[in-house]
Amino acid sequence: MISVERMTKRYDGILAVDDISFEVQQGEVLGFLGPNGAGKTTTMKILTCYMPPTSGNVIIGGKSVMQHSLEIRQNLGYLPEDTPLYNFMPVLEYLHFVGQIRGLDPAYQRKRVGEMIEVCGLEDVLHRDVRELSRGYRQRVGLAQALIHDPDLIILDEPTSGLDPNQIAQIRTMIHEFGRKKTLILSTHILPEVQATCDRVIIINRGRLVADGRPDELASRLHGFQKVRIGFAGEGFNAAEAAAAMRTVAGICSVESCGTEAGLELFELEAEKDIDPRLDLFRMAAEKGWPLAELHLERSTLEDIFRELTVGVEQAVATGPAS
C-alpha cells in the first residue's frame, strides 16, 4: 500500500526527516511513534501530500506523491493533530459539505453521512455548531470527515490527544473497527493504545528510523533474551538450592533472587530468546516438591522499548562522547 523510499525533508537547513525507508502492507494497522520533534508529523504531511519530500520518494497505491498527489488524496482520509473544522457550521451541514468537496454522488453522500453519524456516535450533536462541541465530539467529527468517502488509507495524528479516559476508550474502539477493513497509520504518545490496536510499530527519533516490527519482536531484538518470573511458596524454602537448580535448565542464562513478596520467594530469570523454559521449570518444581505459585514470561512493554530506543539516544547527544 505504501512504500517510503529514502525520504528526507529539510526546513531551511534543518534536517527533520533523515533518509528513512519503510513499507506498509494493505490492511495493516501501523503505529508510528517518536518523541516530540522526531519527525512524525512531517512524515505524515508528506504521506498525505500536504508537502513534498526534499529527496527520496513515497509510493502509495502504486502512485508517487510527487506526480499523483491529487489522485492519492482522493483515496486517503486524514485527521491532523489539531482537528481543522468549520466552527460555525452545524455538524450535519458540515458532513454534507465535506461529502460535496469529496465529489460524492448525492445519494451515496446521504448514505455515507448516515453511516458516519452512526459509526462515530454523532446522533446527539447533529444540529449543534461545531464550536459548541466538546473536545471528544470534535474528534469524532474529525474522524467522520476523514472516513466519509470510504478511503482505503487512513492516517490519524494524535487522534486521542486531550481526551478523557472514557473518550479515549471510545475513539480506540472506533480505530480498532476501522483497522479491520482499512490500511491505517496511527501516531500517538499513548503507547498502550498502540499496543492494543496496532499490528506493527515504527519508532522514529531525531528524523531517523530506529525500530520497525511487532512489539514482542522489538523487545527480543533489543535485549537478545526474554525474562521469566517464577515464585515459590512454603516455609523453609531454600532459595540458594532453587537458584542453583534453575541454572541447569536448558535455555536459562541467569537467575536472580528478588527476595520475598506476599509470602512468595521470587526469582527473575533470563532465557534465550528462542527457548520457552516454562515447561521444564514446572517439571523441575514438581519433581523436587517445591510449591510453584507463579510462573510467567515478563513481556517488555512498548513504553520500555520506546524509552530505551529514544531516551538513550537523547542522552548520548546531550552529553557527547566520554572524555
# chains A, B, ... in the order shown; residues from 1 in each chain; ligands from 1
$ residues_around --residues "Leu147 (chain A)" --least-positions-apart "4" --cutoff "8 Å" --atoms "only C-alpha atoms" --output "ChimeraX atom specification"
/A:77,116,143,151,154
$ write_last_selection --atoms "N, CA and C atoms" --output "CSV table (one decimal), in the first residue's frame"
chain,number,residue,atom,x,y,z
A,77,GLY,N,-7.9,9.3,3.9
A,77,GLY,CA,-8.6,10.0,4.9
A,77,GLY,C,-7.5,10.4,6.0
A,116,MET,N,-21.7,7.5,8.9
A,116,MET,CA,-20.7,8.2,9.8
A,116,MET,C,-21.3,8.7,11.1
A,143,LEU,N,-13.0,12.5,12.7
A,143,LEU,CA,-12.9,11.1,12.2
A,143,LEU,C,-14.0,10.9,11.1
A,151,PRO,N,-12.2,5.9,2.3
A,151,PRO,CA,-10.9,5.7,1.7
A,151,PRO,C,-10.2,4.4,2.1
A,154,ILE,N,-6.1,5.4,5.9
A,154,ILE,CA,-6.5,6.3,6.9
A,154,ILE,C,-5.3,6.7,7.7
$ closest_residue --among "A:Leu309, A:Val119, A:Cys198, A:Leu295" --to "Gln170 (chain A)" --atoms "only C-alpha atoms"
A:Val119
$ closest_residue --among "A:Leu191, A:Ala196, A:Val58, A:Ile185" --to "Arg172 (chain A)" --atoms "only C-alpha atoms"
A:Ala196
$ atom_distance --atom1 "CA of Thr248 (chain A)" --atom2 "CA of Glu217 (chain A)"
26.5 Å
$ closest_residue --among "A:Gln25, A:Val311, A:Met51, A:Val249" --to "Glu272 (chain A)" --atoms "only C-alpha atoms"
A:Val249
$ closest_residue --among "A:Ser69, A:Thr43, A:Thr83, A:Gln74" --to "Ile148 (chain A)" --atoms "only C-alpha atoms"
A:Gln74
$ select_by_dssp --residues "region 65-259 of chain A" --states "strand (DSSP E or B)" --output "PyMOL selection string"
chain A and resi 76-79+90+129+153-157+183-187+200-205+208-213+225-232+252-259
$ write_last_selection --atoms "C-alpha atoms" --output "JSON list (two decimals), in the first residue's frame"
[["chain", "number", "residue", "atom", "x", "y", "z"],
["A", 76, "LEU", "CA", -6.97, 8.95, 1.64],
["A", 77, "GLY", "CA", -8.55, 10.00, 4.94],
["A", 78, "TYR", "CA", -6.52, 12.26, 7.24],
["A", 79, "LEU", "CA", -7.10, 13.51, 10.76],
["A", 90, "PRO", "CA", -23.76, 22.61, 12.31],
["A", 129, "ASP", "CA", -22.49, 24.20, 15.73],
["A", 153, "LEU", "CA", -5.86, 4.51, 3.62],
["A", 154, "ILE", "CA", -6.50, 6.35, 6.91],
["A", 155, "ILE", "CA", -3.85, 8.46, 8.67],
["A", 156, "LEU", "CA", -4.56, 9.65, 12.21],
["A", 157, "ASP", "CA", -2.20, 12.04, 14.00],
["A", 183, "THR", "CA", -4.89, 0.34, 6.00],
["A", 184, "LEU", "CA", -4.35, 2.64, 8.96],
["A", 185, "ILE", "CA", -1.41, 4.65, 10.30],
["A", 186, "LEU", "CA", -1.75, 5.89, 13.86],
["A", 187, "SER", "CA", 0.56, 8.38, 15.56],
["A", 200, "ARG", "CA", 3.25, -3.29, 13.82],
["A", 201, "VAL", "CA", 5.25, -0.38, 15.22],
["A", 202, "ILE", "CA", 7.73, 2.03, 13.70],
["A", 203, "ILE", "CA", 9.75, 4.29, 16.02],
["A", 204, "ILE", "CA", 11.46, 7.40, 14.66],
["A", 205, "ASN", "CA", 13.95, 9.52, 16.61],
["A", 208, "ARG", "CA", 15.84, 8.54, 11.68],
["A", 209, "LEU", "CA", 14.12, 5.18, 11.81],
["A", 210, "VAL", "CA", 15.29, 3.33, 14.95],
["A", 211, "ALA", "CA", 12.83, 0.40, 15.14],
["A", 212, "ASP", "CA", 10.37, -1.47, 12.94],
["A", 213, "GLY", "CA", 8.44, -4.60, 13.94],
["A", 225, "PHE", "CA", 16.81, -12.60, 25.70],
["A", 226, "GLN", "CA", 13.46, -12.96, 27.41],
["A", 227, "LYS", "CA", 12.67, -12.64, 31.10],
["A", 228, "VAL", "CA", 10.84, -15.25, 33.18],
["A", 229, "ARG", "CA", 9.39, -14.55, 36.62],
["A", 230, "ILE", "CA", 8.93, -17.51, 38.98],
["A", 231, "GLY", "CA", 7.72, -17.70, 42.57],
["A", 232, "PHE", "CA", 7.62, -20.47, 45.17],
["A", 252, "ILE", "CA", 18.38, -20.32, 31.23],
["A", 253, "CYS", "CA", 21.19, -17.75, 31.08],
["A", 254, "SER", "CA", 20.96, -16.22, 34.55],
["A", 255, "VAL", "CA", 18.96, -16.47, 37.77],
["A", 256, "GLU", "CA", 18.49, -13.54, 40.18],
["A", 257, "SER", "CA", 16.70, -13.72, 43.52],
["A", 258, "CYS", "CA", 14.14, -10.94, 44.02],
["A", 259, "GLY", "CA", 13.52, -11.71, 47.69]]
$ closest_residue --among "A:His176, A:Gly31, A:Asp199, A:His149" --to "Asp105 (chain A)" --atoms "only C-alpha atoms"
A:His149
$ select_by_dssp --residues "region 83-248 of chain A" --states "alpha helix (DSSP H)" --output "NGL selection string"
:A and (91-101 or 106-119 or 135-147 or 165-179 or 191-197 or 215-223 or 239-246)
$ atom_distance --atom1 "CA of Ile275 (chain A)" --atom2 "CA of Ala244 (chain A)"
19.3 Å
$ atom_distance --atom1 "CA of Leu269 (chain A)" --atom2 "CA of Gln195 (chain A)"
24.5 Å
$ residues_around --residues "region 130-142 of chain A" --least-positions-apart "3" --cutoff "12 Å" --atoms "only C-alpha atoms" --output "ChimeraX atom specification"
/A:77-96,98,113,116-127,145-148,155-175
$ write_last_selection --atoms "C-alpha atoms" --output "compact mmCIF listing (two decimals), in the first residue's frame"
# COMPACT_ATOMS: atom_id res chain seq x y z
CA GLY A 77 -8.55 10.00 4.94
CA TYR A 78 -6.52 12.26 7.24
CA LEU A 79 -7.10 13.51 10.76
CA PRO A 80 -4.38 16.04 11.72
CA GLU A 81 -3.34 16.58 15.32
CA ASP A 82 -5.24 19.90 15.51
CA THR A 83 -8.60 18.95 14.02
CA PRO A 84 -9.42 21.61 11.38
CA LEU A 85 -13.19 22.07 11.39
CA TYR A 86 -15.54 24.89 10.35
CA ASN A 87 -16.64 26.12 13.77
CA PHE A 88 -19.79 27.97 12.71
CA MET A 89 -21.32 25.10 10.73
CA PRO A 90 -23.76 22.61 12.31
CA VAL A 91 -22.35 19.09 12.38
CA LEU A 92 -24.84 17.65 9.89
CA GLU A 93 -24.29 20.51 7.44
CA TYR A 94 -20.53 20.17 7.81
CA LEU A 95 -20.57 16.45 6.98
CA HIS A 96 -22.64 17.05 3.85
CA VAL A 98 -17.28 17.52 3.21
CA VAL A 113 -23.29 10.73 6.16
CA MET A 116 -20.69 8.18 9.79
CA ILE A 117 -23.27 9.59 12.20
CA GLU A 118 -23.87 6.05 13.50
CA VAL A 119 -20.25 4.85 13.48
CA CYS A 120 -18.87 7.98 15.16
CA GLY A 121 -21.78 8.41 17.60
CA LEU A 122 -22.87 11.88 16.48
CA GLU A 123 -26.66 11.48 16.81
CA ASP A 124 -26.92 13.85 19.80
CA VAL A 125 -24.99 16.78 18.27
CA LEU A 126 -26.11 16.86 14.62
CA HIS A 127 -27.74 20.29 14.82
CA GLN A 145 -14.80 13.76 7.78
CA ALA A 146 -11.71 11.56 7.33
CA LEU A 147 -13.84 8.49 6.60
CA ILE A 148 -16.85 9.86 4.76
CA ILE A 155 -3.85 8.46 8.67
CA LEU A 156 -4.56 9.65 12.21
CA ASP A 157 -2.20 12.04 14.00
CA GLU A 158 -2.76 12.07 17.79
CA PRO A 159 -6.50 11.25 17.50
CA THR A 160 -6.98 10.98 21.29
CA SER A 161 -4.90 14.00 22.32
CA GLY A 162 -6.60 15.95 25.12
CA LEU A 163 -9.41 13.44 25.66
CA ASP A 164 -10.52 11.99 28.99
CA PRO A 165 -10.21 8.22 29.64
CA ASN A 166 -13.80 7.48 28.58
CA GLN A 167 -13.41 9.43 25.34
CA ILE A 168 -10.08 7.70 24.67
CA ALA A 169 -11.72 4.30 25.08
CA GLN A 170 -14.48 5.25 22.63
CA ILE A 171 -12.06 6.55 19.99
CA ARG A 172 -9.83 3.50 20.49
CA THR A 173 -12.80 1.20 19.82
CA MET A 174 -13.56 3.08 16.60
CA ILE A 175 -9.93 2.85 15.49
$ residues_around --residues "Cys49 (chain A)" --least-positions-apart "5" --cutoff "8 Å" --atoms "only C-alpha atoms" --output "JSON, numbers by chain"
{"A": [65, 69, 72, 73]}
$ write_last_selection --atoms "C-alpha atoms" --output "mmCIF file, in the first residue's frame"
data_model
loop_
_atom_site.group_PDB
_atom_site.id
_atom_site.type_symbol
_atom_site.label_atom_id
_atom_site.label_comp_id
_atom_site.auth_asym_id
_atom_site.auth_seq_id
_atom_site.Cartn_x
_atom_site.Cartn_y
_atom_site.Cartn_z
ATOM 1 C CA VAL A 65 3.244 11.577 -4.202
ATOM 2 C CA SER A 69 -0.811 13.990 -5.392
ATOM 3 C CA ILE A 72 -3.677 9.830 -3.820
ATOM 4 C CA ARG A 73 -5.583 12.368 -1.723
#
$ closest_residue --among "A:His189, A:Arg206, A:Arg128, A:Arg278" --to "Ala38 (chain A)" --atoms "only C-alpha atoms"
A:Arg206
$ decode --residues "region 21-164 of chain A" --atoms "C-alpha atoms" --output "PDB file, in the first residue's frame"
ATOM      1  CA  SER A  21      12.583   3.844   4.255  1.00  0.00           C
ATOM      2  CA  PHE A  22       9.711   1.538   5.219  1.00  0.00           C
ATOM      3  CA  GLU A  23       6.646  -0.182   3.784  1.00  0.00           C
ATOM      4  CA  VAL A  24       3.050  -0.557   4.948  1.00  0.00           C
ATOM      5  CA  GLN A  25       1.030  -3.502   3.658  1.00  0.00           C
ATOM      6  CA  GLN A  26      -2.603  -3.424   2.538  1.00  0.00           C
ATOM      7  CA  GLY A  27      -4.879  -3.927   5.565  1.00  0.00           C
ATOM      8  CA  GLU A  28      -2.123  -3.302   8.134  1.00  0.00           C
ATOM      9  CA  VAL A  29      -2.524  -1.104  11.230  1.00  0.00           C
ATOM     10  CA  LEU A  30       0.783   0.676  11.835  1.00  0.00           C
ATOM     11  CA  GLY A  31       1.730   2.584  14.973  1.00  0.00           C
ATOM     12  CA  PHE A  32       4.069   5.461  14.096  1.00  0.00           C
ATOM     13  CA  LEU A  33       5.891   6.638  17.214  1.00  0.00           C
ATOM     14  CA  GLY A  34       8.566   9.064  18.308  1.00  0.00           C
ATOM     15  CA  PRO A  35       9.284  11.801  20.864  1.00  0.00           C
ATOM     16  CA  ASN A  36       8.311  15.411  20.189  1.00  0.00           C
ATOM     17  CA  GLY A  37      10.326  16.823  17.300  1.00  0.00           C
ATOM     18  CA  ALA A  38      11.273  13.379  15.985  1.00  0.00           C
ATOM     19  CA  GLY A  39       9.786  13.947  12.517  1.00  0.00           C
ATOM     20  CA  LYS A  40       6.459  12.112  12.874  1.00  0.00           C
ATOM     21  CA  THR A  41       4.151  14.922  11.796  1.00  0.00           C
ATOM     22  CA  THR A  42       6.483  15.903   8.946  1.00  0.00           C
ATOM     23  CA  THR A  43       6.406  12.317   7.696  1.00  0.00           C
ATOM     24  CA  MET A  44       2.620  12.249   7.864  1.00  0.00           C
ATOM     25  CA  LYS A  45       2.338  15.549   5.999  1.00  0.00           C
ATOM     26  CA  ILE A  46       4.428  14.046   3.200  1.00  0.00           C
ATOM     27  CA  LEU A  47       2.375  10.837   3.142  1.00  0.00           C
ATOM     28  CA  THR A  48      -0.816  12.893   2.872  1.00  0.00           C
ATOM     29  CA  CYS A  49       0.637  15.016   0.045  1.00  0.00           C
ATOM     30  CA  TYR A  50       0.496  18.170   2.173  1.00  0.00           C
ATOM     31  CA  MET A  51       4.151  18.807   1.321  1.00  0.00           C
ATOM     32  CA  PRO A  52       6.788  17.137  -0.884  1.00  0.00           C
ATOM     33  CA  PRO A  53       9.960  15.483   0.427  1.00  0.00           C
ATOM     34  CA  THR A  54      13.282  17.222  -0.173  1.00  0.00           C
ATOM     35  CA  SER A  55      14.615  13.979  -1.638  1.00  0.00           C
ATOM     36  CA  GLY A  56      13.510  10.384  -1.969  1.00  0.00           C
ATOM     37  CA  ASN A  57      10.006   9.280  -2.867  1.00  0.00           C
ATOM     38  CA  VAL A  58       6.763   7.892  -1.459  1.00  0.00           C
ATOM     39  CA  ILE A  59       4.640   5.451  -3.457  1.00  0.00           C
ATOM     40  CA  ILE A  60       1.018   4.999  -2.311  1.00  0.00           C
ATOM     41  CA  GLY A  61      -1.174   2.510  -4.148  1.00  0.00           C
ATOM     42  CA  GLY A  62       1.370   2.369  -6.944  1.00  0.00           C
ATOM     43  CA  LYS A  63       1.421   6.159  -7.414  1.00  0.00           C
ATOM     44  CA  SER A  64       4.135   8.650  -6.471  1.00  0.00           C
ATOM     45  CA  VAL A  65       3.244  11.577  -4.202  1.00  0.00           C
ATOM     46  CA  MET A  66       5.420  13.716  -6.483  1.00  0.00           C
ATOM     47  CA  GLN A  67       3.403  13.068  -9.652  1.00  0.00           C
ATOM     48  CA  HIS A  68      -0.049  11.915  -8.483  1.00  0.00           C
ATOM     49  CA  SER A  69      -0.811  13.990  -5.392  1.00  0.00           C
ATOM     50  CA  LEU A  70      -4.479  14.647  -6.235  1.00  0.00           C
ATOM     51  CA  GLU A  71      -5.269  11.010  -7.069  1.00  0.00           C
ATOM     52  CA  ILE A  72      -3.677   9.830  -3.820  1.00  0.00           C
ATOM     53  CA  ARG A  73      -5.583  12.368  -1.723  1.00  0.00           C
ATOM     54  CA  GLN A  74      -8.872  11.264  -3.264  1.00  0.00           C
ATOM     55  CA  ASN A  75      -8.437   7.832  -1.678  1.00  0.00           C
ATOM     56  CA  LEU A  76      -6.970   8.953   1.642  1.00  0.00           C
ATOM     57  CA  GLY A  77      -8.551  10.003   4.935  1.00  0.00           C
ATOM     58  CA  TYR A  78      -6.516  12.261   7.239  1.00  0.00           C
ATOM     59  CA  LEU A  79      -7.105  13.509  10.765  1.00  0.00           C
ATOM     60  CA  PRO A  80      -4.384  16.037  11.719  1.00  0.00           C
ATOM     61  CA  GLU A  81      -3.336  16.584  15.321  1.00  0.00           C
ATOM     62  CA  ASP A  82      -5.238  19.895  15.507  1.00  0.00           C
ATOM     63  CA  THR A  83      -8.602  18.954  14.022  1.00  0.00           C
ATOM     64  CA  PRO A  84      -9.415  21.614  11.381  1.00  0.00           C
ATOM     65  CA  LEU A  85     -13.194  22.073  11.391  1.00  0.00           C
ATOM     66  CA  TYR A  86     -15.542  24.887  10.353  1.00  0.00           C
ATOM     67  CA  ASN A  87     -16.641  26.116  13.766  1.00  0.00           C
ATOM     68  CA  PHE A  88     -19.793  27.972  12.709  1.00  0.00           C
ATOM     69  CA  MET A  89     -21.323  25.096  10.731  1.00  0.00           C
ATOM     70  CA  PRO A  90     -23.758  22.613  12.314  1.00  0.00           C
ATOM     71  CA  VAL A  91     -22.353  19.092  12.381  1.00  0.00           C
ATOM     72  CA  LEU A  92     -24.845  17.645   9.886  1.00  0.00           C
ATOM     73  CA  GLU A  93     -24.288  20.513   7.443  1.00  0.00           C
ATOM     74  CA  TYR A  94     -20.533  20.168   7.808  1.00  0.00           C
ATOM     75  CA  LEU A  95     -20.567  16.447   6.980  1.00  0.00           C
ATOM     76  CA  HIS A  96     -22.636  17.048   3.847  1.00  0.00           C
ATOM     77  CA  PHE A  97     -20.268  19.876   2.921  1.00  0.00           C
ATOM     78  CA  VAL A  98     -17.279  17.518   3.209  1.00  0.00           C
ATOM     79  CA  GLY A  99     -19.121  14.949   1.083  1.00  0.00           C
ATOM     80  CA  GLN A 100     -19.664  17.575  -1.615  1.00  0.00           C
ATOM     81  CA  ILE A 101     -15.999  18.586  -1.532  1.00  0.00           C
ATOM     82  CA  ARG A 102     -15.109  14.904  -1.960  1.00  0.00           C
ATOM     83  CA  GLY A 103     -17.319  14.804  -5.057  1.00  0.00           C
ATOM     84  CA  LEU A 104     -19.686  12.136  -3.748  1.00  0.00           C
ATOM     85  CA  ASP A 105     -22.858  11.325  -5.653  1.00  0.00           C
ATOM     86  CA  PRO A 106     -25.797  12.912  -3.724  1.00  0.00           C
ATOM     87  CA  ALA A 107     -27.489   9.577  -2.961  1.00  0.00           C
ATOM     88  CA  TYR A 108     -24.204   7.969  -1.881  1.00  0.00           C
ATOM     89  CA  GLN A 109     -23.359  11.077   0.132  1.00  0.00           C
ATOM     90  CA  ARG A 110     -26.591  10.809   2.131  1.00  0.00           C
ATOM     91  CA  LYS A 111     -25.835   7.129   2.763  1.00  0.00           C
ATOM     92  CA  ARG A 112     -22.274   7.804   3.935  1.00  0.00           C
ATOM     93  CA  VAL A 113     -23.293  10.727   6.161  1.00  0.00           C
ATOM     94  CA  GLY A 114     -25.828   8.458   7.845  1.00  0.00           C
ATOM     95  CA  GLU A 115     -23.209   5.746   8.327  1.00  0.00           C
ATOM     96  CA  MET A 116     -20.686   8.182   9.787  1.00  0.00           C
ATOM     97  CA  ILE A 117     -23.270   9.585  12.199  1.00  0.00           C
ATOM     98  CA  GLU A 118     -23.865   6.052  13.497  1.00  0.00           C
ATOM     99  CA  VAL A 119     -20.248   4.855  13.476  1.00  0.00           C
ATOM    100  CA  CYS A 120     -18.872   7.980  15.164  1.00  0.00           C
ATOM    101  CA  GLY A 121     -21.782   8.411  17.596  1.00  0.00           C
ATOM    102  CA  LEU A 122     -22.872  11.877  16.480  1.00  0.00           C
ATOM    103  CA  GLU A 123     -26.655  11.483  16.810  1.00  0.00           C
ATOM    104  CA  ASP A 124     -26.918  13.850  19.799  1.00  0.00           C
ATOM    105  CA  VAL A 125     -24.988  16.776  18.266  1.00  0.00           C
ATOM    106  CA  LEU A 126     -26.106  16.856  14.620  1.00  0.00           C
ATOM    107  CA  HIS A 127     -27.738  20.286  14.819  1.00  0.00           C
ATOM    108  CA  ARG A 128     -25.200  21.928  17.101  1.00  0.00           C
ATOM    109  CA  ASP A 129     -22.486  24.197  15.732  1.00  0.00           C
ATOM    110  CA  VAL A 130     -19.025  22.620  15.749  1.00  0.00           C
ATOM    111  CA  ARG A 131     -17.765  25.429  18.029  1.00  0.00           C
ATOM    112  CA  GLU A 132     -20.153  24.242  20.764  1.00  0.00           C
ATOM    113  CA  LEU A 133     -18.777  20.701  20.860  1.00  0.00           C
ATOM    114  CA  SER A 134     -16.525  19.160  23.482  1.00  0.00           C
ATOM    115  CA  ARG A 135     -13.026  18.034  22.506  1.00  0.00           C
ATOM    116  CA  GLY A 136     -14.250  14.433  22.308  1.00  0.00           C
ATOM    117  CA  TYR A 137     -17.085  15.233  19.927  1.00  0.00           C
ATOM    118  CA  ARG A 138     -14.826  17.408  17.792  1.00  0.00           C
ATOM    119  CA  GLN A 139     -12.511  14.396  17.393  1.00  0.00           C
ATOM    120  CA  ARG A 140     -15.483  12.264  16.381  1.00  0.00           C
ATOM    121  CA  VAL A 141     -16.496  14.822  13.757  1.00  0.00           C
ATOM    122  CA  GLY A 142     -12.892  14.901  12.547  1.00  0.00           C
ATOM    123  CA  LEU A 143     -12.908  11.106  12.197  1.00  0.00           C
ATOM    124  CA  ALA A 144     -16.206  11.279  10.317  1.00  0.00           C
ATOM    125  CA  GLN A 145     -14.796  13.758   7.779  1.00  0.00           C
ATOM    126  CA  ALA A 146     -11.712  11.563   7.327  1.00  0.00           C
ATOM    127  CA  LEU A 147     -13.837   8.490   6.599  1.00  0.00           C
ATOM    128  CA  ILE A 148     -16.854   9.859   4.756  1.00  0.00           C
ATOM    129  CA  HIS A 149     -15.524   8.990   1.279  1.00  0.00           C
ATOM    130  CA  ASP A 150     -14.638   5.429   2.388  1.00  0.00           C
ATOM    131  CA  PRO A 151     -10.859   5.712   1.748  1.00  0.00           C
ATOM    132  CA  ASP A 152      -8.562   2.688   1.606  1.00  0.00           C
ATOM    133  CA  LEU A 153      -5.858   4.513   3.617  1.00  0.00           C
ATOM    134  CA  ILE A 154      -6.498   6.345   6.910  1.00  0.00           C
ATOM    135  CA  ILE A 155      -3.847   8.457   8.667  1.00  0.00           C
ATOM    136  CA  LEU A 156      -4.560   9.654  12.209  1.00  0.00           C
ATOM    137  CA  ASP A 157      -2.198  12.041  14.001  1.00  0.00           C
ATOM    138  CA  GLU A 158      -2.762  12.065  17.787  1.00  0.00           C
ATOM    139  CA  PRO A 159      -6.499  11.247  17.499  1.00  0.00           C
ATOM    140  CA  THR A 160      -6.977  10.982  21.286  1.00  0.00           C
ATOM    141  CA  SER A 161      -4.902  13.998  22.325  1.00  0.00           C
ATOM    142  CA  GLY A 162      -6.600  15.946  25.118  1.00  0.00           C
ATOM    143  CA  LEU A 163      -9.410  13.442  25.663  1.00  0.00           C
ATOM    144  CA  ASP A 164     -10.516  11.995  28.986  1.00  0.00           C
TER     145      ASP A 164
END
